$ cat protein_0.pdb   # PDB, C-alpha atoms
ATOM      1  CA  MET R  88     -42.241 -37.998  38.884
ATOM      2  CA  PHE R  89     -40.430 -37.976  35.522
ATOM      3  CA  LEU R  90     -39.410 -34.694  33.919
ATOM      4  CA  PRO R  91     -38.159 -34.937  30.307
ATOM      5  CA  VAL R  92     -35.439 -32.337  29.706
ATOM      6  CA  GLN R  93     -33.481 -33.090  26.529
ATOM      7  CA  ALA R  94     -32.512 -35.673  23.961
ATOM      8  CA  ASP R  95     -30.017 -38.222  25.245
ATOM      9  CA  PHE R  96     -27.580 -37.387  22.439
ATOM     10  CA  ALA R  97     -25.783 -34.309  21.186
ATOM     11  CA  LEU R  98     -27.683 -32.271  18.605
ATOM     12  CA  PRO R  99     -25.630 -31.248  15.548
ATOM     13  CA  ARG R 100     -26.769 -27.637  15.770
ATOM     14  CA  VAL R 101     -28.489 -25.183  18.092
ATOM     15  CA  PRO R 102     -32.323 -25.500  17.877
ATOM     16  CA  ILE R 103     -32.853 -21.799  17.175
ATOM     17  CA  LEU R 104     -36.575 -21.983  16.367
ATOM     18  CA  THR R 105     -37.332 -24.008  19.494
ATOM     19  CA  ILE R 106     -35.533 -21.417  21.603
ATOM     20  CA  LEU R 107     -37.423 -18.682  19.724
ATOM     21  CA  VAL R 108     -40.791 -20.319  20.472
ATOM     22  CA  CYS R 109     -39.865 -20.467  24.162
ATOM     23  CA  LEU R 110     -38.861 -16.789  24.136
ATOM     24  CA  ILE R 111     -42.096 -15.807  22.368
ATOM     25  CA  CYS R 112     -44.123 -17.693  24.975
ATOM     26  CA  PHE R 113     -42.244 -15.927  27.777
ATOM     27  CA  GLY R 114     -42.716 -12.527  26.133
ATOM     28  CA  VAL R 115     -46.438 -13.103  25.609
ATOM     29  CA  PHE R 116     -46.827 -14.341  29.186
ATOM     30  CA  LEU R 117     -45.075 -11.305  30.685
ATOM     31  CA  LYS R 118     -47.334  -9.042  28.614
ATOM     32  CA  GLN R 119     -50.357 -11.028  29.875
ATOM     33  CA  GLN R 120     -49.218 -10.543  33.460
ATOM     34  CA  SER R 121     -48.846  -6.787  32.972
ATOM     35  CA  ASP R 122     -52.224  -6.496  31.233
ATOM     36  CA  TRP R 123     -53.991  -8.547  33.912
ATOM     37  CA  LYS R 124     -52.521  -6.333  36.626
ATOM     38  CA  ASP R 125     -53.835  -3.212  34.863
ATOM     39  CA  PHE R 126     -57.161  -4.949  34.250
ATOM     40  CA  GLY R 127     -57.528  -5.872  37.924
ATOM     41  CA  MET R 128     -56.662  -2.341  39.056
ATOM     42  CA  ALA R 129     -59.278  -0.910  36.675
ATOM     43  CA  ILE R 130     -61.947  -3.264  38.075
ATOM     44  CA  ASP R 131     -60.975  -2.286  41.632
ATOM     45  CA  ARG R 132     -61.355   1.412  40.773
ATOM     46  CA  TYR R 133     -64.763   0.731  39.265
ATOM     47  CA  CYS R 134     -65.974  -1.359  42.209
ATOM     48  CA  ASN R 135     -64.654   1.051  44.863
ATOM     49  CA  ALA R 136     -66.595   4.009  43.455
ATOM     50  CA  SER R 137     -69.357   5.372  45.709
ATOM     51  CA  ARG R 138     -72.889   4.090  45.053
ATOM     52  CA  SER R 139     -76.342   4.695  46.449
ATOM     53  CA  HIS R 140     -77.716   2.384  49.105
ATOM     54  CA  ILE R 141     -80.208   0.804  46.706
ATOM     55  CA  GLU R 142     -77.460   0.140  44.122
ATOM     56  CA  GLN R 143     -75.401  -1.629  46.790
ATOM     57  CA  ILE R 144     -78.427  -3.751  47.678
ATOM     58  CA  VAL R 145     -78.878  -4.719  44.024
ATOM     59  CA  PHE R 146     -75.258  -5.879  43.768
ATOM     60  CA  GLU R 147     -75.594  -7.847  47.010
ATOM     61  CA  ARG R 148     -78.739  -9.614  45.794
ATOM     62  CA  ILE R 149     -77.226 -10.416  42.415
ATOM     63  CA  SER R 150     -74.178 -11.841  44.211
ATOM     64  CA  ALA R 151     -76.418 -14.071  46.292
ATOM     65  CA  SER R 152     -78.503 -15.273  43.341
ATOM     66  CA  GLN R 153     -75.531 -15.857  41.003
ATOM     67  CA  ASN R 154     -72.988 -17.211  43.519
ATOM     68  CA  MET R 155     -70.613 -14.363  42.755
ATOM     69  CA  ASP R 156     -68.486 -12.772  45.455
ATOM     70  CA  THR R 157     -67.844  -9.256  44.159
ATOM     71  CA  CYS R 158     -69.207  -6.586  41.868
ATOM     72  CA  GLY R 159     -66.179  -7.276  39.680
ATOM     73  CA  ASP R 160     -67.385 -10.842  39.097
ATOM     74  CA  ILE R 161     -70.851  -9.568  38.207
ATOM     75  CA  MET R 162     -69.701  -6.939  35.738
ATOM     76  CA  TYR R 163     -67.057  -9.194  34.212
ATOM     77  CA  THR R 164     -69.753 -11.819  33.562
ATOM     78  CA  ILE R 165     -71.993  -9.257  31.888
ATOM     79  CA  ALA R 166     -69.206  -7.805  29.764
ATOM     80  CA  ASN R 167     -67.530 -11.065  28.715
ATOM     81  CA  ASP R 168     -70.189 -13.754  28.262
ATOM     82  CA  PRO R 169     -69.179 -15.358  24.925
ATOM     83  CA  GLU R 170     -72.576 -16.905  24.217
ATOM     84  CA  ARG R 171     -75.017 -14.087  24.988
ATOM     85  CA  GLU R 172     -75.414 -10.384  24.369
ATOM     86  CA  GLN R 173     -74.897  -8.130  27.378
ATOM     87  CA  SER R 174     -78.599  -7.257  27.358
ATOM     88  CA  GLU R 175     -79.504 -10.952  27.669
ATOM     89  CA  VAL R 176     -77.180 -11.469  30.630
ATOM     90  CA  ILE R 177     -78.579  -8.354  32.324
ATOM     91  CA  ALA R 178     -82.190  -9.462  31.781
ATOM     92  CA  ASP R 179     -81.379 -12.895  33.210
ATOM     93  CA  MET R 180     -79.762 -11.408  36.324
ATOM     94  CA  ALA R 181     -82.627  -8.956  36.838
ATOM     95  CA  SER R 182     -85.195 -11.772  36.661
ATOM     96  CA  LYS R 183     -83.494 -13.936  39.280
ATOM     97  CA  ILE R 184     -83.079 -11.616  42.244
ATOM     98  CA  GLU R 185     -85.561 -11.041  45.054
ATOM     99  CA  PRO R 186     -87.775  -8.003  44.273
ATOM    100  CA  LEU R 187     -86.618  -4.768  45.882
ATOM    101  CA  THR R 188     -88.565  -3.401  48.851
ATOM    102  CA  GLY R 189     -91.294  -1.014  47.720
ATOM    103  CA  PHE R 190     -91.373  -2.395  44.157
ATOM    104  CA  ASN R 191     -93.644  -5.003  42.638
ATOM    105  CA  ALA R 192     -91.873  -7.804  40.735
ATOM    106  CA  ASP R 193     -92.139  -6.169  37.301
ATOM    107  CA  ASP R 194     -91.030  -2.713  38.476
ATOM    108  CA  SER R 195     -88.151  -4.215  40.464
ATOM    109  CA  ARG R 196     -86.963  -6.196  37.434
ATOM    110  CA  GLU R 197     -87.135  -3.110  35.221
ATOM    111  CA  TYR R 198     -85.268  -0.943  37.750
ATOM    112  CA  VAL R 199     -82.502  -3.528  38.097
ATOM    113  CA  ARG R 200     -82.256  -3.936  34.327
ATOM    114  CA  GLN R 201     -81.866  -0.191  33.760
ATOM    115  CA  MET R 202     -79.371   0.124  36.616
ATOM    116  CA  LEU R 203     -77.222  -2.713  35.246
ATOM    117  CA  GLU R 204     -77.316  -1.267  31.733
ATOM    118  CA  LYS R 205     -76.067   2.060  33.121
ATOM    119  CA  GLU R 206     -73.378   0.290  35.166
ATOM    120  CA  THR R 207     -72.322  -1.782  32.154
ATOM    121  CA  ARG R 208     -71.820   1.343  30.038
ATOM    122  CA  ARG R 209     -69.709   2.809  32.842
ATOM    123  CA  PHE R 210     -67.783  -0.451  33.280
ATOM    124  CA  ASN R 211     -67.029  -0.654  29.547
ATOM    125  CA  THR R 212     -65.753   2.920  29.631
ATOM    126  CA  LEU R 213     -63.493   2.507  32.674
ATOM    127  CA  VAL R 214     -62.284  -1.085  32.284
ATOM    128  CA  PRO R 215     -60.338  -2.323  29.237
ATOM    129  CA  PRO R 216     -61.320  -5.568  27.472
ATOM    130  CA  ASP R 217     -60.275  -8.904  28.942
ATOM    131  CA  PRO R 218     -56.495  -9.126  28.322
ATOM    132  CA  ASP R 219     -56.807 -12.639  26.902
ATOM    133  CA  ASP R 220     -59.641 -11.867  24.455
ATOM    134  CA  ASP R 221     -57.241 -11.593  21.502
ATOM    135  CA  LEU R 222     -55.068 -14.541  22.582
ATOM    136  CA  ALA R 223     -57.170 -17.359  24.063
ATOM    137  CA  TYR R 224     -59.284 -19.539  21.796
ATOM    138  CA  TYR R 225     -63.021 -19.876  22.344
ATOM    139  CA  THR R 226     -64.282 -23.078  20.754
ATOM    140  CA  GLY R 227     -67.501 -21.429  19.630
ATOM    141  CA  SER R 228     -65.668 -18.820  17.551
ATOM    142  CA  TRP R 229     -63.918 -21.081  14.984
ATOM    143  CA  ASN R 230     -61.308 -18.320  14.728
ATOM    144  CA  PRO R 231     -58.093 -19.654  13.096
ATOM    145  CA  ILE R 232     -56.047 -16.715  14.369
ATOM    146  CA  THR R 233     -56.753 -17.399  18.037
ATOM    147  CA  MET R 234     -56.343 -21.143  17.427
ATOM    148  CA  ILE R 235     -52.699 -20.235  16.800
ATOM    149  CA  THR R 236     -52.185 -17.381  19.272
ATOM    150  CA  SER R 237     -53.672 -19.443  22.103
ATOM    151  CA  SER R 238     -50.756 -21.873  21.806
ATOM    152  CA  PHE R 239     -48.353 -19.111  22.842
ATOM    153  CA  ALA R 240     -50.361 -17.790  25.828
ATOM    154  CA  HIS R 241     -50.450 -19.279  29.339
ATOM    155  CA  GLY R 242     -52.392 -19.004  32.567
ATOM    156  CA  ASP R 243     -49.713 -18.913  35.276
ATOM    157  CA  TRP R 244     -46.023 -19.545  35.974
ATOM    158  CA  GLY R 245     -46.444 -23.276  36.601
ATOM    159  CA  HIS R 246     -48.358 -23.625  33.353
ATOM    160  CA  ILE R 247     -45.705 -21.988  31.189
ATOM    161  CA  LEU R 248     -42.644 -23.484  32.893
ATOM    162  CA  PHE R 249     -43.785 -27.096  32.662
ATOM    163  CA  ASN R 250     -44.975 -26.638  29.089
ATOM    164  CA  LEU R 251     -41.679 -25.153  27.943
ATOM    165  CA  VAL R 252     -39.535 -27.768  29.685
ATOM    166  CA  PHE R 253     -41.492 -30.581  28.015
ATOM    167  CA  PHE R 254     -41.564 -28.674  24.725
ATOM    168  CA  PHE R 255     -37.799 -28.189  24.560
ATOM    169  CA  ALA R 256     -37.125 -31.827  25.423
ATOM    170  CA  PHE R 257     -38.837 -33.024  22.229
ATOM    171  CA  ALA R 258     -39.060 -30.024  19.903
ATOM    172  CA  ALA R 259     -35.305 -29.375  19.772
ATOM    173  CA  THR R 260     -34.688 -32.771  18.160
ATOM    174  CA  VAL R 261     -37.715 -32.461  15.881
ATOM    175  CA  GLU R 262     -36.432 -29.088  14.628
ATOM    176  CA  VAL R 263     -33.026 -30.554  13.774
ATOM    177  CA  LEU R 264     -34.589 -33.518  11.962
ATOM    178  CA  VAL R 265     -37.252 -31.735   9.898
ATOM    179  CA  GLY R 266     -35.676 -28.327   9.280
ATOM    180  CA  PRO R 267     -37.107 -24.836   9.820
ATOM    181  CA  VAL R 268     -39.854 -24.846   7.162
ATOM    182  CA  TRP R 269     -41.512 -28.111   8.201
ATOM    183  CA  TYR R 270     -41.047 -27.155  11.841
ATOM    184  CA  VAL R 271     -42.967 -23.879  11.485
ATOM    185  CA  VAL R 272     -45.619 -25.537   9.306
ATOM    186  CA  PHE R 273     -46.139 -28.233  11.905
ATOM    187  CA  VAL R 274     -46.558 -25.812  14.826
ATOM    188  CA  LEU R 275     -49.196 -23.900  12.835
ATOM    189  CA  VAL R 276     -50.987 -26.986  11.479
ATOM    190  CA  ASP R 277     -51.085 -28.763  14.841
ATOM    191  CA  SER R 278     -52.453 -25.606  16.517
ATOM    192  CA  LEU R 279     -55.212 -25.431  13.889
ATOM    193  CA  PHE R 280     -55.908 -29.169  14.186
ATOM    194  CA  ILE R 281     -56.239 -28.870  17.971
ATOM    195  CA  GLY R 282     -58.559 -25.874  17.650
ATOM    196  CA  LEU R 283     -60.765 -27.428  14.974
ATOM    197  CA  THR R 284     -61.179 -30.759  16.748
ATOM    198  CA  GLY R 285     -61.867 -28.933  20.011
ATOM    199  CA  SER R 286     -64.580 -26.863  18.329
ATOM    200  CA  MET R 287     -66.171 -29.907  16.722
ATOM    201  CA  VAL R 288     -66.352 -31.800  20.016
ATOM    202  CA  ALA R 289     -67.610 -28.709  21.862
ATOM    203  CA  ALA R 290     -70.301 -28.141  19.211
ATOM    204  CA  ALA R 291     -71.362 -31.784  19.350
ATOM    205  CA  THR R 292     -71.671 -31.704  23.146
ATOM    206  CA  ASP R 293     -72.896 -28.085  23.311
ATOM    207  CA  GLN R 294     -70.170 -27.297  25.843
ATOM    208  CA  HIS R 295     -67.976 -24.518  24.520
ATOM    209  CA  TYR R 296     -64.979 -23.267  26.478
ATOM    210  CA  TRP R 297     -61.914 -20.996  26.449
ATOM    211  CA  THR R 298     -58.470 -22.529  26.125
ATOM    212  CA  LEU R 299     -54.843 -21.444  25.963
ATOM    213  CA  GLY R 300     -51.407 -22.981  26.390
ATOM    214  CA  LEU R 301     -48.711 -24.794  24.435
ATOM    215  CA  SER R 302     -49.459 -28.232  25.887
ATOM    216  CA  GLY R 303     -51.344 -29.489  22.821
ATOM    217  CA  VAL R 304     -48.376 -28.620  20.592
ATOM    218  CA  VAL R 305     -46.045 -30.168  23.196
ATOM    219  CA  MET R 306     -47.944 -33.438  22.840
ATOM    220  CA  GLY R 307     -47.749 -32.973  19.078
ATOM    221  CA  MET R 308     -43.958 -32.753  19.317
ATOM    222  CA  MET R 309     -43.972 -35.963  21.371
ATOM    223  CA  GLY R 310     -46.044 -37.708  18.707
ATOM    224  CA  LEU R 311     -43.840 -36.428  15.888
ATOM    225  CA  PHE R 312     -40.653 -37.385  17.768
ATOM    226  CA  ALA R 313     -42.048 -40.895  18.287
ATOM    227  CA  TYR R 314     -42.762 -41.176  14.557
ATOM    228  CA  LEU R 315     -39.440 -39.804  13.307
ATOM    229  CA  LEU R 316     -37.103 -41.359  15.860
ATOM    230  CA  PRO R 317     -38.991 -44.183  17.590
ATOM    231  CA  ARG R 318     -35.916 -45.578  19.353
ATOM    232  CA  GLY R 319     -34.436 -42.193  20.174
ATOM    233  CA  LYS R 320     -34.128 -41.582  23.908
ATOM    234  CA  ILE R 321     -34.975 -38.572  26.052
ATOM    235  CA  LYS R 322     -33.034 -37.817  29.214
ATOM    236  CA  CYS R 323     -35.438 -37.530  32.140
ATOM    237  CA  TYR R 324     -34.909 -36.485  35.720
ATOM    238  CA  TYR R 325     -36.873 -38.456  38.264
ATOM    239  CA  PHE R 326     -37.543 -37.720  41.882
ATOM    240  CA  PHE R 327     -39.514 -39.314  44.671
ATOM    241  CA  ILE R 328     -39.309 -37.706  48.135
ATOM    242  CA  VAL R 329     -35.492 -37.803  48.623
ATOM    243  CA  ILE R 330     -34.601 -40.038  45.658
ATOM    244  CA  PHE R 331     -33.289 -38.082  42.678
ATOM    245  CA  GLY R 332     -31.539 -39.097  39.473
ATOM    246  CA  SER R 333     -31.720 -39.270  35.691
ATOM    247  CA  VAL R 334     -32.509 -41.958  33.150
ATOM    248  CA  ALA R 335     -32.793 -42.129  29.360
ATOM    249  CA  ILE R 336     -36.209 -43.326  28.170
ATOM    250  CA  PRO R 337     -37.269 -44.041  24.553
ATOM    251  CA  GLY R 338     -39.312 -41.162  23.165
ATOM    252  CA  TRP R 339     -42.089 -43.455  21.940
ATOM    253  CA  MET R 340     -42.482 -44.801  25.470
ATOM    254  CA  LEU R 341     -42.847 -41.321  26.947
ATOM    255  CA  ALA R 342     -45.308 -40.331  24.214
ATOM    256  CA  ALA R 343     -47.351 -43.493  24.801
ATOM    257  CA  TRP R 344     -47.319 -42.929  28.579
ATOM    258  CA  TYR R 345     -48.494 -39.324  28.500
ATOM    259  CA  LEU R 346     -50.868 -39.690  25.561
ATOM    260  CA  GLY R 347     -52.275 -42.929  26.953
ATOM    261  CA  GLY R 348     -52.869 -41.333  30.337
ATOM    262  CA  ASP R 349     -54.707 -38.441  28.720
ATOM    263  CA  ILE R 350     -56.853 -40.797  26.629
ATOM    264  CA  VAL R 351     -57.831 -42.728  29.763
ATOM    265  CA  THR R 352     -58.665 -39.452  31.511
ATOM    266  CA  LEU R 353     -60.679 -38.240  28.521
ATOM    267  CA  LEU R 354     -62.745 -41.418  28.358
ATOM    268  CA  ASN R 355     -63.360 -41.874  32.077
ATOM    269  CA  ASN R 356     -63.713 -38.387  33.569
ATOM    270  CA  ASP R 357     -66.324 -35.704  33.050
ATOM    271  CA  ASP R 358     -64.456 -32.900  34.808
ATOM    272  CA  TYR R 359     -60.862 -32.176  33.784
ATOM    273  CA  GLY R 360     -60.452 -29.057  35.910
ATOM    274  CA  THR R 361     -58.461 -26.397  34.053
ATOM    275  CA  VAL R 362     -56.576 -28.923  31.889
ATOM    276  CA  ASN R 363     -57.614 -29.197  28.237
ATOM    277  CA  VAL R 364     -57.175 -32.965  28.002
ATOM    278  CA  LEU R 365     -58.758 -33.100  24.539
ATOM    279  CA  ALA R 366     -56.078 -30.702  23.237
ATOM    280  CA  HIS R 367     -53.384 -33.016  24.612
ATOM    281  CA  VAL R 368     -54.870 -36.057  22.903
ATOM    282  CA  MET R 369     -55.552 -34.386  19.568
ATOM    283  CA  GLY R 370     -52.180 -32.631  19.599
ATOM    284  CA  GLY R 371     -50.375 -35.941  20.114
ATOM    285  CA  ILE R 372     -52.416 -37.714  17.435
ATOM    286  CA  GLY R 373     -51.927 -34.749  15.122
ATOM    287  CA  GLY R 374     -48.153 -34.941  15.551
ATOM    288  CA  TYR R 375     -47.950 -38.606  14.633
ATOM    289  CA  LEU R 376     -50.353 -38.211  11.684
ATOM    290  CA  PHE R 377     -48.421 -35.191  10.389
ATOM    291  CA  GLY R 378     -45.257 -37.257  10.268
ATOM    292  CA  LEU R 379     -47.045 -40.204   8.670
ATOM    293  CA  LEU R 380     -48.596 -38.032   5.955
ATOM    294  CA  PHE R 381     -45.803 -35.607   5.117
ATOM    295  CA  LEU R 382     -42.460 -36.670   6.569
ATOM    296  CA  ARG R 383     -41.871 -40.259   5.470
ATOM    297  CA  GLU R 384     -38.695 -39.374   3.562
ATOM    298  CA  ILE R 385     -37.353 -37.483   6.554
ATOM    299  CA  ARG R 386     -38.091 -40.509   8.717
ATOM    300  CA  LYS R 387     -35.886 -42.637   6.439
ATOM    301  CA  ASP R 388     -33.030 -40.196   6.995
ATOM    302  CA  ALA R 389     -33.784 -40.230  10.728
ATOM    303  CA  GLU R 390     -33.396 -44.031  10.721
ATOM    304  CA  HIS R 391     -29.771 -43.601   9.670
ATOM    305  CA  THR R 392     -29.352 -41.091  12.482
ATOM    306  CA  GLN R 393     -30.881 -43.623  14.856
ATOM    307  CA  GLU R 394     -28.432 -46.308  13.754
ATOM    308  CA  ALA R 395     -25.487 -43.954  14.231
ATOM    309  CA  LEU R 396     -26.706 -43.036  17.726
ATOM    310  CA  GLU R 397     -27.053 -46.683  18.654
ATOM    311  CA  ARG R 398     -23.510 -47.408  17.461
ATOM    312  CA  VAL R 399     -22.177 -44.552  19.571
ATOM    313  CA  ASP R 400     -24.174 -45.785  22.570
ATOM    314  CA  PHE R 401     -22.853 -49.327  22.063
ATOM    315  CA  GLU R 402     -19.257 -48.120  21.861
ATOM    316  CA  LYS R 403     -19.637 -46.068  25.038
ATOM    317  CA  ARG R 404     -20.928 -49.037  27.007
ATOM    318  CA  PHE R 405     -18.353 -51.558  25.833
ATOM    319  CA  ARG R 406     -15.299 -49.393  25.353
TER     320      ARG R 406
END

$ encode --input "protein_0.pdb" --output "structure tokens"
Amino acid sequence: MFLPVQADFALPRVPILTILVCLICFGVFLKQQSDWKDFGMAIDRYCNASRSHIEQIVFERISASQNMDTCGDIMYTIANDPEREQSEVIADMASKIEPLTGFNADDSREYVRQMLEKETRRFNTLVPPDPDDDLAYYTGSWNPITMITSSFAHGDWGHILFNLVFFFAFAATVEVLVGPVWYVVFVLVDSLFIGLTGSMVAAATDQHYWTLGLSGVVMGMMGLFAYLLPRGKIKCYYFFIVIFGSVAIPGWMLAAWYLGGDIVTLLNNDDYGTVNVLAHVMGGIGGYLFGLLFLREIRKDAEHTQEALERVDFEKRFR
């Protein structure tokens, strides 16, 4: 496995904005963790409350008909379905369970509907909103704010750590080359580009989804690095079982490897698990296009930097 860590040359200044983005992501993630803990405790308090025997039976039958393990799953689904009103979700659940003993089908459905409406009001009172509602992006919302905030939120420790390691490896050099204004503009524009293209594809396929994470912008930084400094190298650590070492690899090669792999996955797989492969692809394409459209003059300056780096590398090898 290859793990890009940093440019294979000394940067002329500290990449302050790149470090700041990493710190923001960590701060947001720690707040997410705290909010999810509180959210889970609130659901546990709700689910552990005493209920009548018939109410317990209703929850058990809904669990069986909906393939949900707990009352928390049931109520979370009712309260957070992005496509349907709560009343629609409740009516659907009530229509799918086996009629209760002593009730005909219509009376059973009506009893379950009223019970779930009462439970939903109680759930909404006791349990706060989903902690990621204001951060994650739902492709059916077309919300530009969450297109941006979703880039700074993450799902778990592995998600954030790998994203930030890859991000720093490329973004630090990009920041130094383009300056703070273009750097900030690019992070915002690429986030919006990823969100918009994701929404268009989801609308075309009628398969909307939630997404969060910096990985699309990470791929954008790879694409922009490849455009600005095509021969610039990234130091990578590699490891295989007990073999460990480091090697400098051209940035364009890394970008082509990762972006190419994601394109192959996108075209050949139907299920990508929890990975937003489309965001990776569009982020990488967006990065290269952004450079091509707006940063041609900066690329000319970067070519001189490239030549100076190659001279230094040549002198080191033949000194």

$ residues_around --input "protein_0.pdb" --residues "Glu262 of chain R" --least-positions-apart "5" --cutoff "7 Å" --atoms "all atoms listed in the file" --output "PyMOL selection string"
chain R and resi 102+267+270

$ closest_residue --input "protein_0.pdb" --among "R:Phe273, R:Phe239, R:Phe116, R:Trp339" --to "Leu315 of chain R" --atoms "only C-alpha atoms"
R:Trp339

$ closest_residue --input "protein_0.pdb" --among "R:Val268, R:Met180, R:Ile165, R:Ala94" --to "Lys320 of chain R" --atoms "only C-alpha atoms"
R:Ala94

$ closest_residue --input "protein_0.pdb" --among "R:Glu170, R:Val351, R:Asp219, R:Leu98" --to "Ser121 of chain R" --atoms "only C-alpha atoms"
R:Asp219

$ closest_residue --input "protein_0.pdb" --among "R:Ile247, R:Val274, R:Ala291, R:Ala395" --to "Leu117 of chain R" --atoms "only C-alpha atoms"
R:Ile247

$ axis_aligned_box --input "protein_0.pdb" --around "segment 134-143 of chain R" --padding-each-side "3 Å" --output "JSON"
{"center_x": -72.4, "center_y": 1.9, "center_z": 45.7, "size_x": 21.6, "size_y": 13.0, "size_z": 12.9}

$ residues_near_point --input "protein_0.pdb" --point "(-59.6, -4.9, 38.6)" --cutoff "12 Å" --atoms "only C-alpha atoms" --output "ChimeraX atom specification"
/R:122-135,157-160,162-163,210,213-218

$ residues_around --input "protein_0.pdb" --residues "Asp243 of chain R" --least-positions-apart "6" --cutoff "10 Å" --atoms "all atoms listed in the file" --output "PDB file with C-alpha atoms, in the coordinates of the input"
ATOM      1  CA  PHE R 116     -46.827 -14.341  29.186  1.00  0.00           C
ATOM      2  CA  GLN R 119     -50.357 -11.028  29.875  1.00  0.00           C
ATOM      3  CA  GLN R 120     -49.218 -10.543  33.460  1.00  0.00           C
ATOM      4  CA  GLY R 300     -51.407 -22.981  26.390  1.00  0.00           C
TER       5      GLY R 300
END

$ decode --input "protein_0.pdb" --residues "segment 174-179 of chain R" --atoms "all heavy atoms" --output "PDB file, in the first residue's frame"
ATOM      1  N   SER R 174     -45.773  11.413   8.370  1.00  0.00           N
ATOM      2  CA  SER R 174     -47.071  10.752   8.277  1.00  0.00           C
ATOM      3  C   SER R 174     -47.079   9.680   7.187  1.00  0.00           C
ATOM      4  O   SER R 174     -47.728   8.636   7.339  1.00  0.00           O
ATOM      5  CB  SER R 174     -48.166  11.785   8.002  1.00  0.00           C
ATOM      6  OG  SER R 174     -47.894  12.491   6.793  1.00  0.00           O
ATOM      7  N   GLU R 175     -46.349   9.908   6.103  1.00  0.00           N
ATOM      8  CA  GLU R 175     -46.271   8.914   5.028  1.00  0.00           C
ATOM      9  C   GLU R 175     -45.511   7.677   5.480  1.00  0.00           C
ATOM     10  O   GLU R 175     -45.907   6.544   5.171  1.00  0.00           O
ATOM     11  CB  GLU R 175     -45.587   9.514   3.803  1.00  0.00           C
ATOM     12  CG  GLU R 175     -46.346  10.637   3.116  1.00  0.00           C
ATOM     13  CD  GLU R 175     -45.581  11.161   1.925  1.00  0.00           C
ATOM     14  OE1 GLU R 175     -45.551  10.474   0.883  1.00  0.00           O
ATOM     15  OE2 GLU R 175     -44.979  12.255   2.025  1.00  0.00           O
ATOM     16  N   VAL R 176     -44.411   7.885   6.197  1.00  0.00           N
ATOM     17  CA  VAL R 176     -43.617   6.754   6.678  1.00  0.00           C
ATOM     18  C   VAL R 176     -44.443   5.935   7.663  1.00  0.00           C
ATOM     19  O   VAL R 176     -44.450   4.696   7.621  1.00  0.00           O
ATOM     20  CB  VAL R 176     -42.318   7.237   7.350  1.00  0.00           C
ATOM     21  CG1 VAL R 176     -41.478   6.043   7.809  1.00  0.00           C
ATOM     22  CG2 VAL R 176     -41.503   8.105   6.397  1.00  0.00           C
ATOM     23  N   ILE R 177     -45.158   6.630   8.554  1.00  0.00           N
ATOM     24  CA  ILE R 177     -45.999   5.944   9.542  1.00  0.00           C
ATOM     25  C   ILE R 177     -47.086   5.124   8.850  1.00  0.00           C
ATOM     26  O   ILE R 177     -47.321   3.958   9.198  1.00  0.00           O
ATOM     27  CB  ILE R 177     -46.619   6.971  10.506  1.00  0.00           C
ATOM     28  CG1 ILE R 177     -45.547   7.539  11.432  1.00  0.00           C
ATOM     29  CG2 ILE R 177     -47.756   6.356  11.319  1.00  0.00           C
ATOM     30  CD1 ILE R 177     -46.010   8.712  12.275  1.00  0.00           C
ATOM     31  N   ALA R 178     -47.763   5.723   7.877  1.00  0.00           N
ATOM     32  CA  ALA R 178     -48.830   5.009   7.160  1.00  0.00           C
ATOM     33  C   ALA R 178     -48.282   3.777   6.452  1.00  0.00           C
ATOM     34  O   ALA R 178     -48.927   2.715   6.438  1.00  0.00           O
ATOM     35  CB  ALA R 178     -49.504   5.951   6.163  1.00  0.00           C
ATOM     36  N   ASP R 179     -47.077   3.890   5.890  1.00  0.00           N
ATOM     37  CA  ASP R 179     -46.470   2.756   5.199  1.00  0.00           C
ATOM     38  C   ASP R 179     -46.154   1.632   6.179  1.00  0.00           C
ATOM     39  O   ASP R 179     -46.421   0.454   5.906  1.00  0.00           O
ATOM     40  CB  ASP R 179     -45.198   3.220   4.497  1.00  0.00           C
ATOM     41  CG  ASP R 179     -44.530   2.106   3.717  1.00  0.00           C
ATOM     42  OD1 ASP R 179     -45.163   1.567   2.801  1.00  0.00           O
ATOM     43  OD2 ASP R 179     -43.373   1.770   4.038  1.00  0.00           O
TER      44      ASP R 179
END
